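Q: One structure coming up, written as structure tokens, with questions to follow.
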Amino acid sequence: MSKSPASQNPWDLTFREAVGEMLTHPLFSPIAQHAHFNRDKNNSCPEHGYCVVDARGVLYAHPKRHLSKEEWVFVLAHCLLHLGFGHASKPDNVDERLWQAASDAVVNKFLADLKLGRAPHDIETQLPFMFRDEYHLLEIFQSRGIPDSLSYFGTGGVNAPDILLNQNKKFRYHHREIQWAELLARGIANAVTAAVNVSAGYADSLYKTNTSQKTKAQKAKEWFVNHYPLLGALASGFKIIEDVAVCQQFQIQVAAIDVIDQEIYMNPTAGLDEAETIFVMAHELLHAALRHHQRCAGRDHELWNVACDYVINGWLVEMNVGALPRIGVLYDPKLKNLSAETIYDRLTNNIRTNRKLATLRGSGLTDMLDKGYHGFWDHREGQDLDDFCKRAIMQGLEYHQEIGRGLLPAGLVQEIRALGHPPVPWDVELAQWFDEHFPSVEKYRTYSRLSRRQSSTPDIPRPAYKNLYDAARTFAVVIDTSGSMGLQLLGQALGCIANYSLNRDVPFVRVVFCDAAAYDAGYISSEEIAGKVKIKGRGGTVLQPAIDLIENSRDFPETGPILVITDGECDRLTIRRDHAFIIPKGKSLPFPPRGPVFRIK
């Protein structure tokens, strides 16, 4: 149960306010957005220190220090500047104490010139001599020694380091190591722009921009409406929100989209240029256009979002829309021409690691916001959002191609055109699979036996028709009977299998039940497979023994395919024969399937 503001510790509130100022300050925001503020008990902060930082961007603040907001601002800014100046990477063959002292002196001089915050009473901020940078100070310290006053320069305490050089494990964001120096450079550029806007009257303060001046996101939306018909109609229906506080509330580091409320969130402190802003906005619009929020269909939200990001970013790079953000996005040329569903199945091979991949919202977060709605969808009164998105992107495609605006990836065109057609039901796909493996039985004429109609004229031979059955006309069904399998799923699947087997003249089907062990039911007639099969097992889920039993069976044809019915919660399977899977919609297999997958609703 959360505490009311009145009952919260006031010293905790001042710390949070200082963190909030770092997150909204134009200079520090790009770094602070990627840093982690830790004030837990027993963290790495020394007993007599204020705050320390490591190369991963984790700031360990003392949990019991009572500082004012201005003092916490100074302390946090001091540690963030260590990251931006590259102090967490000590040069080789340099004494650690000398490097810490030189780094603290440079940071404190920068903060003194910036006039940001107020240093705690026991931290010195001035040196009695001039210096250029850290390396100039190193030369002075090596020749003269370290002044006694430098014992009080850092935020780690007296003679204690505030840079944890031994914890130099790199923190990855969007598949890339965070470039803290580049983020600081963006912050400086943001601060200069904000200062110019204040001087010119476009802004009231460094933290608030006057809306009379168009932002990069607003310019990007205008560009789509006027110059890029594929997404222009869709862009016109979405509201752009560029509020740092709102982005902080939803933990949006770069951008996110709320399809239900038709809002696109752009974090103004992300430091994107105009071309990168166009790329990011196109990314979010394609999430809505391709109905990724609905196609999630019970899958893991974070993993599904990552899969969709790989597809979208690949298309945008191929179409040369805007510029790939320097901050890094999920992009892998090896995944070209793969659908989001296929990439999702691959990502499930390592769910724990892949769920931590960063979308434009942040690491382990989805940039498709659901705001607590059930699923990713909400049917409102009036025009259906699904219809709006489909109509807008299909009209955009037609206009885009009519005026020859530019080439589009074939996969993207196919997905957009598929939006206008209902998906093929799973049982129709299964029927097509049966047609491929069991073509219609051919008939041939025979004179080997007399027709029963010849009783009146036995001397006149007439032809009869006989079915030409293939002795190998059969297949195997491996049924997952573990406790996680639903009886409704089994009933639906077996009913369709029985129906299609009868229609395609498959007289018998080899049935093997499997949970922790394989139970061979032998050959069962197609008429009996749906109504008279007695389920055996209902234990764990290990299906490979059943596959091995069939593939090594001497009485099963070499060309006979295998149909596996499972809920996906099984072991990794190795199947040499032609095969297919029937699984519930929204589930996935723990390995990349080689055969087709039919999903039951």
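Residues in the structure tokens are named by chain (A, B, ... in the order shown) and by number from 1 within that chain; ligands are numbered from 1 in the order shown.
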Can you tell me which residues surround Asp300 in chain A at a distance of at most 10 Å, considering only C-alpha atoms, apart from same-chain residues fewer than 5 positions away, and format the answer as a list in words?
A: Asn305, Tyr344, Thr348, Ile351, Arg355, Gly586, Lys587 and Ser588 of chain A
Q: So the first atom is CA of Glu21 in chain A and the second is CA of Val329 in chain A; what is the distance between them in Å, to one decimal place?
A: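 Straight-line distance from CA of Glu21 in chain A to CA of Val329 in chain A works out to 26.8 Å.
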Q: Run DSSP on the backbone and grab whatever in range 219-287 of chain A lands in strand (DSSP E or B); send it over as a list in words.
A: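 DSSP on the backbone gives strand (DSSP E or B) at Lys239, Ile240, Ile241, Ala255, Ala256, Ile257, Asp258, Glu263, Ile264, Tyr265 and Met266 of chain A.
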Q: Of the candidates A:Leu67, A:Cys45, A:Cys389, A:Ala32, which one gets nearest to Thr269 in chain A if we count only C-alpha atoms?
A: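 Smallest separation from Thr269 in chain A among the options: A:Ala32.
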Q: What is the CA of Gly322 in chain A to CA of Gln218 in chain A distance in Å?
A: 14.6 Å
Q: Choose the residue, out of A:Pro590, A:Gly364, A:Pro561, A:Pro507, that has the smallest atom-to-atom separation from Arg576 in chain A; count only C-alpha atoms.
A: A:Pro561
Q: At a cut-off of 9 Å, using only C-alpha atoms, what residues contact Gly57 in chain A? Leave out same-chain residues fewer than 4 positions from it and give the result as a JSON list (two decimals) with C-alpha atoms, in the first residue's frame.
A:
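File written: selection_39.json
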```json
[["chain", "number", "residue", "atom", "x", "y", "z"],
["A", 31, "ILE", "CA", 22.12, 11.07, -19.53],
["A", 32, "ALA", "CA", 19.63, 10.90, -16.66],
["A", 34, "HIS", "CA", 19.49, 6.26, -19.27],
["A", 35, "ALA", "CA", 20.92, 6.27, -15.75],
["A", 36, "HIS", "CA", 19.51, 4.34, -12.78],
["A", 37, "PHE", "CA", 19.05, 6.02, -9.39],
["A", 53, "VAL", "CA", 28.45, 6.00, -9.73],
["A", 80, "LEU", "CA", 26.20, 12.21, -14.05],
["A", 83, "LEU", "CA", 29.65, 9.51, -16.92],
["A", 170, "LYS", "CA", 29.02, -2.23, -19.82],
["A", 171, "PHE", "CA", 25.30, -1.57, -19.78],
["A", 178, "ILE", "CA", 25.59, 3.47, -24.02],
["A", 180, "TRP", "CA", 27.63, 8.64, -22.28]]
```
Q: Can you tell me, as a count of residues only, what residues are no more than 12 Å from Val94 in chain A when counting only C-alpha atoms, ignoring any on the same chain fewer than 6 positions away?
A: 9
Q: Assign secondary structure with DSSP using the backbone only, and return the residues of range 104-288 of chain A in helix (DSSP H, G or I) as a ChimeraX atom specification.
A: /A:104-114,134-144,148-152,180-200,216-227,229-236,244-249,274-288
